[in-house]
>>> print(open('target.txt').read())   # compact mmCIF, C-alpha atoms
# COMPACT_ATOMS: atom_id res chain seq x y z
CA MET Q 30 67.39 95.21 99.91
CA THR Q 31 70.19 92.65 99.57
CA SER Q 32 70.51 89.90 102.15
CA THR Q 33 72.47 86.74 102.70
CA PRO Q 34 70.80 83.72 101.05
CA THR Q 35 69.23 81.43 103.65
CA GLY Q 36 68.44 77.73 103.71
CA PRO Q 37 70.66 74.79 102.70
CA ALA Q 38 70.90 75.85 99.06
CA GLY Q 39 71.70 79.49 99.86
CA TYR Q 40 74.29 78.68 102.49
CA GLY Q 41 75.81 76.06 100.21
CA GLU Q 42 76.29 78.72 97.54
CA LEU Q 43 77.85 81.11 100.03
CA ARG Q 44 80.16 78.39 101.38
CA ALA Q 45 81.32 77.72 97.82
CA GLN Q 46 82.04 81.42 97.33
CA LEU Q 47 84.06 81.59 100.54
CA ALA Q 48 85.99 78.44 99.65
CA SER Q 49 87.14 80.13 96.44
CA LEU Q 50 88.68 83.10 98.29
CA THR Q 51 92.37 83.16 99.06
CA THR Q 52 91.71 84.91 102.37
CA GLU Q 53 89.44 82.05 103.46
CA ALA Q 54 91.73 79.16 102.48
CA PHE Q 55 92.42 76.44 105.05
CA ARG Q 56 96.05 75.68 105.85
CA PRO Q 57 96.41 72.05 106.99
CA GLU Q 58 100.05 72.63 108.02
CA LEU Q 59 98.74 74.84 110.84
CA SER Q 60 96.02 72.46 112.01
CA GLU Q 61 97.82 71.78 115.30
CA ILE Q 62 98.98 75.34 115.98
CA ASP Q 63 97.18 75.27 119.32
CA ARG Q 64 99.62 72.62 120.53
CA LEU Q 65 102.73 74.70 119.83
CA PRO Q 66 104.64 76.73 122.43
CA THR Q 67 103.47 80.32 122.69
CA GLU Q 68 106.75 81.75 121.40
CA GLU Q 69 106.58 79.53 118.32
CA ILE Q 70 103.04 80.69 117.55
CA ALA Q 71 104.21 84.29 117.95
CA ARG Q 72 107.10 83.62 115.58
CA LEU Q 73 104.76 82.08 113.00
CA MET Q 74 102.42 85.04 113.27
CA ASN Q 75 105.26 87.53 112.94
CA ASP Q 76 106.56 85.71 109.88
CA GLU Q 77 103.11 85.90 108.33
CA ASP Q 78 102.83 89.63 109.04
CA ALA Q 79 106.24 90.24 107.44
CA THR Q 80 104.82 89.22 104.05
CA VAL Q 81 102.20 91.98 104.01
CA PRO Q 82 104.40 94.94 102.90
CA THR Q 83 105.54 92.95 99.86
CA ALA Q 84 101.91 92.37 98.87
CA VAL Q 85 101.21 96.09 99.31
CA ALA Q 86 104.27 96.98 97.22
CA ALA Q 87 102.86 95.04 94.28
CA GLN Q 88 99.92 97.47 94.24
CA LEU Q 89 101.85 100.74 94.58
CA PRO Q 90 101.17 101.98 91.03
CA ARG Q 91 97.43 101.51 91.57
CA ILE Q 92 97.60 103.08 95.02
CA ALA Q 93 99.49 106.11 93.66
CA ALA Q 94 96.97 106.62 90.85
CA ALA Q 95 94.10 106.47 93.33
CA ILE Q 96 95.83 109.00 95.61
CA ASP Q 97 96.45 111.48 92.79
CA ALA Q 98 92.81 111.25 91.71
CA THR Q 99 91.64 111.71 95.31
CA ALA Q 100 93.91 114.68 95.98
CA GLU Q 101 92.74 116.41 92.80
CA ARG Q 102 89.14 116.22 93.97
CA MET Q 103 89.83 117.12 97.58
CA ALA Q 104 91.68 120.22 96.37
CA ARG Q 105 88.34 121.27 94.86
CA GLY Q 106 86.56 120.77 98.17
CA GLY Q 107 85.69 117.08 97.93
CA ARG Q 108 85.70 114.59 100.78
CA LEU Q 109 87.38 111.22 101.36
CA ILE Q 110 84.81 108.66 102.49
CA TYR Q 111 85.54 105.10 103.62
CA ALA Q 112 82.83 102.45 103.65
CA GLY Q 113 83.18 98.96 105.05
CA ALA Q 114 81.86 96.37 107.48
CA GLY Q 115 83.41 94.72 110.51
CA THR Q 116 87.18 95.10 110.74
CA ALA Q 117 87.36 96.87 107.38
CA GLY Q 118 84.78 99.42 108.48
CA ARG Q 119 86.51 99.99 111.81
CA LEU Q 120 89.81 100.62 110.08
CA GLY Q 121 88.14 103.25 107.90
CA VAL Q 122 86.60 104.93 110.94
CA LEU Q 123 89.99 104.87 112.67
CA ASP Q 124 91.81 106.45 109.74
CA ALA Q 125 89.15 109.14 109.36
CA SER Q 126 89.18 109.96 113.07
CA GLU Q 127 92.94 110.48 113.06
CA CYS Q 128 92.96 113.08 110.28
CA PRO Q 129 91.66 116.12 112.25
CA PRO Q 130 94.33 116.02 114.99
CA THR Q 131 97.10 115.05 112.56
CA PHE Q 132 96.33 117.34 109.63
CA ASN Q 133 93.89 119.86 111.11
CA THR Q 134 91.16 118.77 108.71
CA ASP Q 135 87.51 119.42 109.35
CA PRO Q 136 85.82 116.29 110.76
CA GLY Q 137 83.65 116.24 107.66
CA ASP Q 138 86.58 116.13 105.24
CA VAL Q 139 87.48 112.49 105.88
CA VAL Q 140 84.55 110.27 106.89
CA GLY Q 141 84.37 106.64 107.96
CA LEU Q 142 81.12 104.75 107.36
CA ILE Q 143 80.63 101.33 108.94
CA ALA Q 144 77.78 98.93 108.25
CA GLY Q 145 75.41 99.14 111.20
CA GLY Q 146 76.36 102.70 112.13
CA PRO Q 147 78.57 104.02 114.96
CA THR Q 148 77.47 101.27 117.36
CA ALA Q 149 79.15 98.72 115.09
CA VAL Q 150 82.56 100.19 115.92
CA VAL Q 151 82.46 98.54 119.34
CA THR Q 152 79.64 96.00 118.97
CA SER Q 153 79.47 93.43 116.21
CA ILE Q 154 76.48 94.03 113.91
CA GLU Q 155 77.66 91.70 111.20
CA GLY Q 156 74.26 91.21 109.53
CA ALA Q 157 74.42 94.83 108.36
CA GLU Q 158 77.23 93.96 105.96
CA ASP Q 159 74.77 92.10 103.71
CA ARG Q 160 72.76 95.27 102.96
CA LYS Q 161 73.65 97.26 99.86
CA ASP Q 162 70.70 99.52 100.56
CA LEU Q 163 72.20 100.56 103.90
CA ALA Q 164 75.36 101.71 102.13
CA ALA Q 165 73.32 103.75 99.66
CA ALA Q 166 71.34 105.34 102.49
CA ASP Q 167 74.49 106.16 104.47
CA LEU Q 168 76.04 107.84 101.43
CA ASP Q 169 72.84 109.71 100.56
CA SER Q 170 72.88 111.19 104.06
CA LEU Q 171 76.20 112.83 103.13
CA THR Q 172 74.85 114.33 99.87
CA LEU Q 173 77.61 113.09 97.58
CA THR Q 174 79.18 115.31 94.94
CA ALA Q 175 81.38 114.56 91.94
CA ASP Q 176 84.38 115.86 93.93
CA ASP Q 177 83.97 113.24 96.65
CA THR Q 178 85.95 109.99 96.78
CA VAL Q 179 84.38 106.81 98.17
CA VAL Q 180 86.66 103.95 99.19
CA GLY Q 181 84.97 100.57 99.62
CA VAL Q 182 87.03 98.39 101.97
CA SER Q 183 86.52 94.62 102.19
CA ALA Q 184 88.99 91.80 102.75
CA SER Q 185 86.94 89.37 100.67
CA GLY Q 186 86.09 91.94 98.02
CA ARG Q 187 82.51 90.66 97.98
CA THR Q 188 80.93 92.32 101.05
CA PRO Q 189 77.59 93.75 99.84
CA TYR Q 190 77.85 96.90 101.97
CA ALA Q 191 81.26 97.84 100.52
CA VAL Q 192 80.36 96.85 96.94
CA GLY Q 193 77.03 98.64 97.23
CA ALA Q 194 78.74 101.80 98.49
CA VAL Q 195 81.07 101.88 95.50
CA GLU Q 196 78.29 101.13 93.02
CA HIS Q 197 76.05 103.84 94.48
CA ALA Q 198 78.85 106.40 94.64
CA ARG Q 199 79.90 105.74 91.07
CA ALA Q 200 76.32 106.17 89.89
CA ARG Q 201 76.32 109.57 91.64
CA GLY Q 202 79.49 110.63 89.80
CA ALA Q 203 81.91 110.36 92.74
CA LEU Q 204 85.40 108.90 92.38
CA THR Q 205 85.47 105.28 93.56
CA ILE Q 206 88.24 103.08 94.96
CA GLY Q 207 87.88 99.42 95.90
CA LEU Q 208 90.35 97.98 98.42
CA SER Q 209 90.30 94.21 98.89
CA CYS Q 210 92.63 91.29 99.59
CA ASN Q 211 91.51 88.87 96.88
CA ALA Q 212 92.19 88.96 93.16
CA ASP Q 213 89.40 89.49 90.62
CA SER Q 214 87.05 90.80 93.29
CA ALA Q 215 83.59 92.24 92.73
CA LEU Q 216 84.68 95.32 94.67
CA ALA Q 217 87.60 96.10 92.37
CA ALA Q 218 85.41 95.49 89.33
CA ALA Q 219 82.83 97.97 90.63
CA ALA Q 220 85.37 100.73 91.32
CA GLU Q 221 87.31 103.01 88.99
CA HIS Q 222 90.46 102.25 90.97
CA GLY Q 223 90.74 98.64 92.11
CA ILE Q 224 93.44 97.88 94.67
CA GLU Q 225 93.79 94.16 95.43
CA VAL Q 226 96.43 93.38 98.05
CA VAL Q 227 96.58 89.59 97.99
CA VAL Q 228 98.10 88.56 101.31
CA GLY Q 229 97.20 84.87 101.10
CA PRO Q 230 95.50 82.59 103.63
CA GLU Q 231 95.38 83.70 107.25
CA LEU Q 232 97.09 82.10 110.24
CA LEU Q 233 93.59 81.37 111.56
CA THR Q 234 91.30 80.33 108.72
CA GLY Q 235 89.04 83.21 107.73
CA SER Q 236 90.23 85.63 110.44
CA THR Q 237 90.76 88.56 108.09
CA ARG Q 238 91.48 90.93 110.97
CA LEU Q 239 95.03 89.55 110.72
CA LYS Q 240 97.10 89.93 107.52
CA ALA Q 241 94.20 91.35 105.53
CA GLY Q 242 93.49 93.90 108.26
CA THR Q 243 97.16 94.86 108.39
CA ALA Q 244 97.24 95.32 104.62
CA GLN Q 245 94.13 97.50 104.70
CA LYS Q 246 95.61 99.65 107.48
CA LEU Q 247 98.82 100.16 105.50
CA VAL Q 248 96.95 101.19 102.36
CA LEU Q 249 94.55 103.50 104.21
CA ASN Q 250 97.58 105.12 105.85
CA MET Q 251 98.94 105.80 102.37
CA LEU Q 252 95.64 107.09 100.97
CA SER Q 253 95.08 109.65 103.69
CA THR Q 254 98.69 110.61 104.45
CA ILE Q 255 99.93 111.07 100.89
CA THR Q 256 96.71 112.84 99.90
CA MET Q 257 97.34 115.28 102.75
CA ILE Q 258 100.94 115.75 101.61
CA ARG Q 259 99.63 116.59 98.14
CA LEU Q 260 97.19 119.08 99.68
CA GLY Q 261 100.02 120.94 101.41
CA LYS Q 262 99.29 119.65 104.90
CA THR Q 263 103.00 118.99 105.48
CA TYR Q 264 106.26 120.87 105.00
CA GLY Q 265 108.76 118.23 104.03
CA ASN Q 266 108.02 115.47 106.51
CA LEU Q 267 106.81 117.84 109.23
CA MET Q 268 103.13 117.87 110.24
CA VAL Q 269 102.74 121.61 110.01
CA ASP Q 270 98.94 121.44 110.14
CA VAL Q 271 98.90 119.57 113.45
CA ARG Q 272 96.10 120.67 115.78
CA ALA Q 273 97.51 121.38 119.25
CA SER Q 274 94.59 120.10 121.31
CA ASN Q 275 96.51 118.74 124.31
CA GLU Q 276 99.81 119.20 126.13
CA LYS Q 277 101.66 116.61 124.06
CA LEU Q 278 100.53 118.20 120.81
CA ARG Q 279 101.38 121.69 122.06
CA ALA Q 280 104.90 120.50 122.81
CA ARG Q 281 105.03 118.78 119.41
CA SER Q 282 103.91 122.00 117.72
CA ARG Q 283 106.81 123.91 119.20
CA ARG Q 284 109.24 121.18 118.22
CA ILE Q 285 107.96 121.24 114.63
CA VAL Q 286 108.40 125.01 114.41
CA ALA Q 287 111.92 124.62 115.81
CA LEU Q 288 112.83 121.89 113.32
CA ALA Q 289 111.47 123.92 110.40
CA THR Q 290 113.03 127.23 111.34
CA GLY Q 291 115.89 126.72 113.81
CA ALA Q 292 114.44 129.63 115.79
CA SER Q 293 114.97 130.13 119.51
CA ASP Q 294 112.30 129.25 122.06
CA GLU Q 295 111.53 132.94 122.56
CA GLU Q 296 111.10 133.53 118.82
CA ILE Q 297 108.89 130.45 118.51
CA GLU Q 298 106.61 131.53 121.36
CA ALA Q 299 106.31 135.02 119.86
CA ALA Q 300 105.49 133.63 116.42
CA LEU Q 301 102.85 131.24 117.78
CA ALA Q 302 101.31 134.03 119.80
CA ALA Q 303 101.15 136.22 116.70
CA THR Q 304 99.47 133.48 114.66
CA ASP Q 305 96.96 132.17 117.23
CA GLY Q 306 98.99 129.02 117.73
CA GLU Q 307 98.89 127.94 114.07
CA VAL Q 308 102.11 126.03 113.39
CA LYS Q 309 102.16 126.58 109.63
CA ASN Q 310 101.54 130.30 110.01
CA ALA Q 311 104.23 130.59 112.68
CA ILE Q 312 106.79 128.90 110.41
CA LEU Q 313 105.89 131.24 107.58
CA ALA Q 314 106.13 134.28 109.89
CA LEU Q 315 109.61 133.23 110.98
CA LEU Q 316 111.05 132.07 107.66
CA GLY Q 317 109.29 134.69 105.55
CA GLU Q 318 109.86 137.46 108.08
CA VAL Q 319 106.22 138.57 107.94
CA ASP Q 320 103.63 139.34 110.59
CA GLY Q 321 100.73 137.10 111.58
CA PRO Q 322 98.03 138.60 109.33
CA THR Q 323 100.38 138.59 106.34
CA ALA Q 324 101.23 134.95 106.96
CA ALA Q 325 97.53 134.08 107.05
CA ARG Q 326 96.90 135.98 103.79
CA LEU Q 327 99.83 134.38 101.98
CA LEU Q 328 98.70 130.90 103.02
CA THR Q 329 95.15 131.61 101.85
CA GLU Q 330 96.46 132.80 98.49
CA SER Q 331 98.61 129.67 98.23
CA ASN Q 332 95.73 127.31 99.12
CA GLY Q 333 97.53 126.32 102.30
CA HIS Q 334 100.80 125.24 100.65
CA LEU Q 335 103.63 126.53 102.82
CA ARG Q 336 106.36 126.28 100.17
CA ALA Q 337 104.33 128.36 97.74
CA ALA Q 338 103.52 130.88 100.45
CA LEU Q 339 107.21 131.19 101.32
CA ALA Q 340 108.07 131.82 97.69
CA ASN Q 341 105.37 134.51 97.52
CA SER Q 342 106.67 136.14 100.70
CA ARG Q 343 110.03 136.67 99.04
CA PRO Q 344 109.23 137.14 95.35
CA SER Q 345 112.66 138.54 94.52
CA GLU Q 346 114.19 135.25 95.71
CA ALA Q 347 111.66 132.93 94.05
>>> encode(input="target.txt", output="structure tokens")
Amino acid sequence: MTSTPTGPAGYGELRAQLASLTTEAFRPELSEIDRLPTEEIARLMNDEDATVPTAVAAQLPRIAAAIDATAERMARGGRLIYAGAGTAGRLGVLDASECPPTFNTDPGDVVGLIAGGPTAVVTSIEGAEDRKDLAAADLDSLTLTADDTVVGVSASGRTPYAVGAVEHARARGALTIGLSCNADSALAAAAEHGIEVVVGPELLTGSTRLKAGTAQKLVLNMLSTITMIRLGKTYGNLMVDVRASNEKLRARSRRIVALATGASDEEIEAALAATDGEVKNAILALLGEVDGPTAARLLTESNGHLRAALANSRPSEA
């Protein structure tokens, strides 16, 4: 079990570690921010946030390499697993929870682990972040395989739960990615793919739910979205694997079929009826001029990639 050092000596060591982190740096020029007009504070905050995409851009080659490695494993049946504490953990849970309705993935395909368990999503259980053993136990409950990808997420890059998750996953043969917001972090060193988005000191000293949290959200968006593009979950920039689970998504499904095919409303309704409401299958039925069962077979043979299925539906034109 790993825990935070206690007592004057232990806390002194931890304070020294925090003082060395860019994300924890104090900014004396903002020491009287509470005395500024609200609009000026908002402008300062907006200016700070505007620097985050540039910091992310500096890591694009590393992000792309991590995505390609993840997609390769997920194509073999692996899972994408996020592990973090506090804000970082919540962002992982959020990204994972959005994949089923957006890309029609199984809830077990993209998983978010947060130190302290599901309760920590809405209630702070910050002490859990100091436990590497909790990360190992959480991952063991998922029965890791070599095709899985584990992404440790931590603004500081030193959070024991995130570092422990990456170390444990790597020892089990899984692909590992470390996402942090400080250079030369322990998390990046522990992972095969280290992504360090250095966003600089926060508007409020140490409040890494701000720029660091924004940076993590942007990178997690890329990891899941581009991986799903690589897995054939889109057709161009259309979400053809969307799960129509409510009225808005049912309307969106029909709009996506219309954009992809240019078909009339009557043709779209007929195609969706013939394919049990599956958007990708309906598009293939319309563009490939095949029936519902044939569309399903072609997509299965093409591992869900609509472009490949379309080519196979019209081999003479391929």
>>> atom_distance(input="target.txt", atom1="atom CA of Ser209 of chain Q", atom2="atom CA of Ala84 of chain Q")
11.8 Å
>>> residues_around(input="target.txt", residues="Ala219 of chain Q", least_positions_apart="6", cutoff="9 Å", atoms="all atoms listed in the file", output="list of chain:residue names")
Q:Val192, Q:Gly193, Q:Val195, Q:Glu196, Q:Arg199, Q:Thr205, Q:Ile206, Q:Gly207
>>> residues_around(input="target.txt", residues="Leu239 of chain Q", least_positions_apart="6", cutoff="8 Å", atoms="all atoms listed in the file", output="PyMOL selection string")
chain Q and resi 78+231-232
>>> atom_distance(input="target.txt", atom1="atom CA of Val85 of chain Q", atom2="atom CA of Ala184 of chain Q")
13.4 Å
>>> residues_around(input="target.txt", residues="Tyr111 of chain Q", least_positions_apart="4", cutoff="7 Å", atoms="only C-alpha atoms", output="list of chain:residue names")
Q:Gly121, Q:Val140, Q:Gly141, Q:Leu142, Q:Val179, Q:Val180, Q:Gly181
>>> atom_distance(input="target.txt", atom1="atom CA of Asn75 of chain Q", atom2="atom CA of Pro230 of chain Q")
14.4 Å
>>> closest_residue(input="target.txt", among="Q:Ala194, Q:Leu301, Q:Val81, Q:Leu327", to="Val182 of chain Q", atoms="all atoms listed in the file")
Q:Ala194
>>> closest_residue(input="target.txt", among="Q:Leu73, Q:Met103, Q:Ala175, Q:Pro189", to="Ala144 of chain Q", atoms="only C-alpha atoms")
Q:Pro189
>>> residues_around(input="target.txt", residues="Glu101 of chain Q", least_positions_apart="2", cutoff="9 Å", atoms="only C-alpha atoms", output="list in words")
Ile96, Asp97, Ala98, Thr99, Met103, Ala104, Arg105, Gly107, Asp176, Thr256, Arg259 and Leu260 of chain Q
>>> residues_around(input="target.txt", residues="Val248 of chain Q", least_positions_apart="2", cutoff="12 Å", atoms="only C-alpha atoms", output="ChimeraX atom specification")
/Q:81-82,84-89,91-93,95-96,117,120-121,124,180,182,206-210,224-226,241-246,250-256
>>> write_last_selection(input="target.txt", atoms="C-alpha atoms", output="compact mmCIF listing (two decimals), in the coordinates of the input")
# COMPACT_ATOMS: atom_id res chain seq x y z
CA VAL Q 81 102.20 91.98 104.01
CA PRO Q 82 104.40 94.94 102.90
CA ALA Q 84 101.91 92.37 98.87
CA VAL Q 85 101.21 96.09 99.31
CA ALA Q 86 104.27 96.98 97.22
CA ALA Q 87 102.86 95.04 94.28
CA GLN Q 88 99.92 97.47 94.24
CA LEU Q 89 101.85 100.74 94.58
CA ARG Q 91 97.43 101.51 91.57
CA ILE Q 92 97.60 103.08 95.02
CA ALA Q 93 99.49 106.11 93.66
CA ALA Q 95 94.10 106.47 93.33
CA ILE Q 96 95.83 109.00 95.61
CA ALA Q 117 87.36 96.87 107.38
CA LEU Q 120 89.81 100.62 110.08
CA GLY Q 121 88.14 103.25 107.90
CA ASP Q 124 91.81 106.45 109.74
CA VAL Q 180 86.66 103.95 99.19
CA VAL Q 182 87.03 98.39 101.97
CA ILE Q 206 88.24 103.08 94.96
CA GLY Q 207 87.88 99.42 95.90
CA LEU Q 208 90.35 97.98 98.42
CA SER Q 209 90.30 94.21 98.89
CA CYS Q 210 92.63 91.29 99.59
CA ILE Q 224 93.44 97.88 94.67
CA GLU Q 225 93.79 94.16 95.43
CA VAL Q 226 96.43 93.38 98.05
CA ALA Q 241 94.20 91.35 105.53
CA GLY Q 242 93.49 93.90 108.26
CA THR Q 243 97.16 94.86 108.39
CA ALA Q 244 97.24 95.32 104.62
CA GLN Q 245 94.13 97.50 104.70
CA LYS Q 246 95.61 99.65 107.48
CA ASN Q 250 97.58 105.12 105.85
CA MET Q 251 98.94 105.80 102.37
CA LEU Q 252 95.64 107.09 100.97
CA SER Q 253 95.08 109.65 103.69
CA THR Q 254 98.69 110.61 104.45
CA ILE Q 255 99.93 111.07 100.89
CA THR Q 256 96.71 112.84 99.90
>>> decode(input="target.txt", residues="segment 231-304 of chain Q", atoms="C-alpha atoms", output="PDB file, in the first residue's frame")
ATOM      1  CA  GLU Q 231      -3.133  28.041 -13.179  1.00  0.00           C
ATOM      2  CA  LEU Q 232      -5.194  31.187 -12.673  1.00  0.00           C
ATOM      3  CA  LEU Q 233      -5.837  29.933  -9.130  1.00  0.00           C
ATOM      4  CA  THR Q 234      -2.705  28.353  -7.708  1.00  0.00           C
ATOM      5  CA  GLY Q 235      -2.961  24.576  -7.824  1.00  0.00           C
ATOM      6  CA  SER Q 236      -6.528  24.437  -9.192  1.00  0.00           C
ATOM      7  CA  THR Q 237      -5.766  21.940 -11.940  1.00  0.00           C
ATOM      8  CA  ARG Q 238      -9.435  21.597 -12.857  1.00  0.00           C
ATOM      9  CA  LEU Q 239      -8.813  24.730 -14.949  1.00  0.00           C
ATOM     10  CA  LYS Q 240      -6.244  24.750 -17.791  1.00  0.00           C
ATOM     11  CA  ALA Q 241      -4.923  21.297 -16.946  1.00  0.00           C
ATOM     12  CA  GLY Q 242      -8.453  19.893 -16.894  1.00  0.00           C
ATOM     13  CA  THR Q 243      -9.222  21.545 -20.226  1.00  0.00           C
ATOM     14  CA  ALA Q 244      -6.063  20.089 -21.748  1.00  0.00           C
ATOM     15  CA  GLN Q 245      -6.914  16.613 -20.484  1.00  0.00           C
ATOM     16  CA  LYS Q 246     -10.439  16.861 -21.904  1.00  0.00           C
ATOM     17  CA  LEU Q 247      -9.092  17.892 -25.308  1.00  0.00           C
ATOM     18  CA  VAL Q 248      -6.624  15.005 -25.419  1.00  0.00           C
ATOM     19  CA  LEU Q 249      -9.164  12.434 -24.208  1.00  0.00           C
ATOM     20  CA  ASN Q 250     -11.539  13.685 -26.920  1.00  0.00           C
ATOM     21  CA  MET Q 251      -8.806  12.964 -29.460  1.00  0.00           C
ATOM     22  CA  LEU Q 252      -7.928   9.542 -28.044  1.00  0.00           C
ATOM     23  CA  SER Q 253     -11.467   8.208 -28.123  1.00  0.00           C
ATOM     24  CA  THR Q 254     -12.792  10.020 -31.197  1.00  0.00           C
ATOM     25  CA  ILE Q 255      -9.890   9.359 -33.556  1.00  0.00           C
ATOM     26  CA  THR Q 256      -9.592   5.771 -32.330  1.00  0.00           C
ATOM     27  CA  MET Q 257     -13.265   5.310 -33.222  1.00  0.00           C
ATOM     28  CA  ILE Q 258     -12.666   6.873 -36.638  1.00  0.00           C
ATOM     29  CA  ARG Q 259      -9.860   4.368 -37.197  1.00  0.00           C
ATOM     30  CA  LEU Q 260     -12.200   1.540 -36.143  1.00  0.00           C
ATOM     31  CA  GLY Q 261     -14.741   2.528 -38.798  1.00  0.00           C
ATOM     32  CA  LYS Q 262     -17.239   4.082 -36.408  1.00  0.00           C
ATOM     33  CA  THR Q 263     -17.699   7.056 -38.747  1.00  0.00           C
ATOM     34  CA  TYR Q 264     -18.296   7.606 -42.460  1.00  0.00           C
ATOM     35  CA  GLY Q 265     -16.410  10.751 -43.283  1.00  0.00           C
ATOM     36  CA  ASN Q 266     -17.356  13.038 -40.422  1.00  0.00           C
ATOM     37  CA  LEU Q 267     -20.762  11.437 -39.883  1.00  0.00           C
ATOM     38  CA  MET Q 268     -21.460   9.431 -36.708  1.00  0.00           C
ATOM     39  CA  VAL Q 269     -22.891   6.438 -38.509  1.00  0.00           C
ATOM     40  CA  ASP Q 270     -22.698   4.223 -35.419  1.00  0.00           C
ATOM     41  CA  VAL Q 271     -24.830   6.570 -33.312  1.00  0.00           C
ATOM     42  CA  ARG Q 272     -27.228   4.761 -30.980  1.00  0.00           C
ATOM     43  CA  ALA Q 273     -30.734   6.221 -31.353  1.00  0.00           C
ATOM     44  CA  SER Q 274     -31.832   5.952 -27.724  1.00  0.00           C
ATOM     45  CA  ASN Q 275     -34.021   9.064 -27.519  1.00  0.00           C
ATOM     46  CA  GLU Q 276     -36.057  11.372 -29.751  1.00  0.00           C
ATOM     47  CA  LYS Q 277     -33.161  13.733 -30.454  1.00  0.00           C
ATOM     48  CA  LEU Q 278     -30.894  10.870 -31.480  1.00  0.00           C
ATOM     49  CA  ARG Q 279     -33.611   9.303 -33.622  1.00  0.00           C
ATOM     50  CA  ALA Q 280     -33.966  12.593 -35.478  1.00  0.00           C
ATOM     51  CA  ARG Q 281     -30.173  12.840 -35.739  1.00  0.00           C
ATOM     52  CA  SER Q 282     -30.030   9.309 -37.151  1.00  0.00           C
ATOM     53  CA  ARG Q 283     -32.369  10.226 -39.961  1.00  0.00           C
ATOM     54  CA  ARG Q 284     -30.435  13.388 -40.691  1.00  0.00           C
ATOM     55  CA  ILE Q 285     -27.174  11.424 -40.881  1.00  0.00           C
ATOM     56  CA  VAL Q 286     -28.681   8.934 -43.332  1.00  0.00           C
ATOM     57  CA  ALA Q 287     -29.965  11.854 -45.413  1.00  0.00           C
ATOM     58  CA  LEU Q 288     -26.581  13.592 -45.440  1.00  0.00           C
ATOM     59  CA  ALA Q 289     -24.791  10.384 -46.420  1.00  0.00           C
ATOM     60  CA  THR Q 290     -27.202   9.292 -49.123  1.00  0.00           C
ATOM     61  CA  GLY Q 291     -29.349  12.218 -50.270  1.00  0.00           C
ATOM     62  CA  ALA Q 292     -32.327   9.850 -50.085  1.00  0.00           C
ATOM     63  CA  SER Q 293     -35.904  10.990 -49.568  1.00  0.00           C
ATOM     64  CA  ASP Q 294     -37.633  10.738 -46.200  1.00  0.00           C
ATOM     65  CA  GLU Q 295     -39.675   7.787 -47.437  1.00  0.00           C
ATOM     66  CA  GLU Q 296     -36.565   5.922 -48.618  1.00  0.00           C
ATOM     67  CA  ILE Q 297     -34.793   6.639 -45.339  1.00  0.00           C
ATOM     68  CA  GLU Q 298     -37.677   5.330 -43.240  1.00  0.00           C
ATOM     69  CA  ALA Q 299     -37.867   2.184 -45.367  1.00  0.00           C
ATOM     70  CA  ALA Q 300     -34.127   1.582 -45.087  1.00  0.00           C
ATOM     71  CA  LEU Q 301     -34.121   2.067 -41.307  1.00  0.00           C
ATOM     72  CA  ALA Q 302     -37.081  -0.260 -40.970  1.00  0.00           C
ATOM     73  CA  ALA Q 303     -35.266  -2.891 -43.025  1.00  0.00           C
ATOM     74  CA  THR Q 304     -32.130  -2.624 -40.895  1.00  0.00           C
TER      75      THR Q 304
END
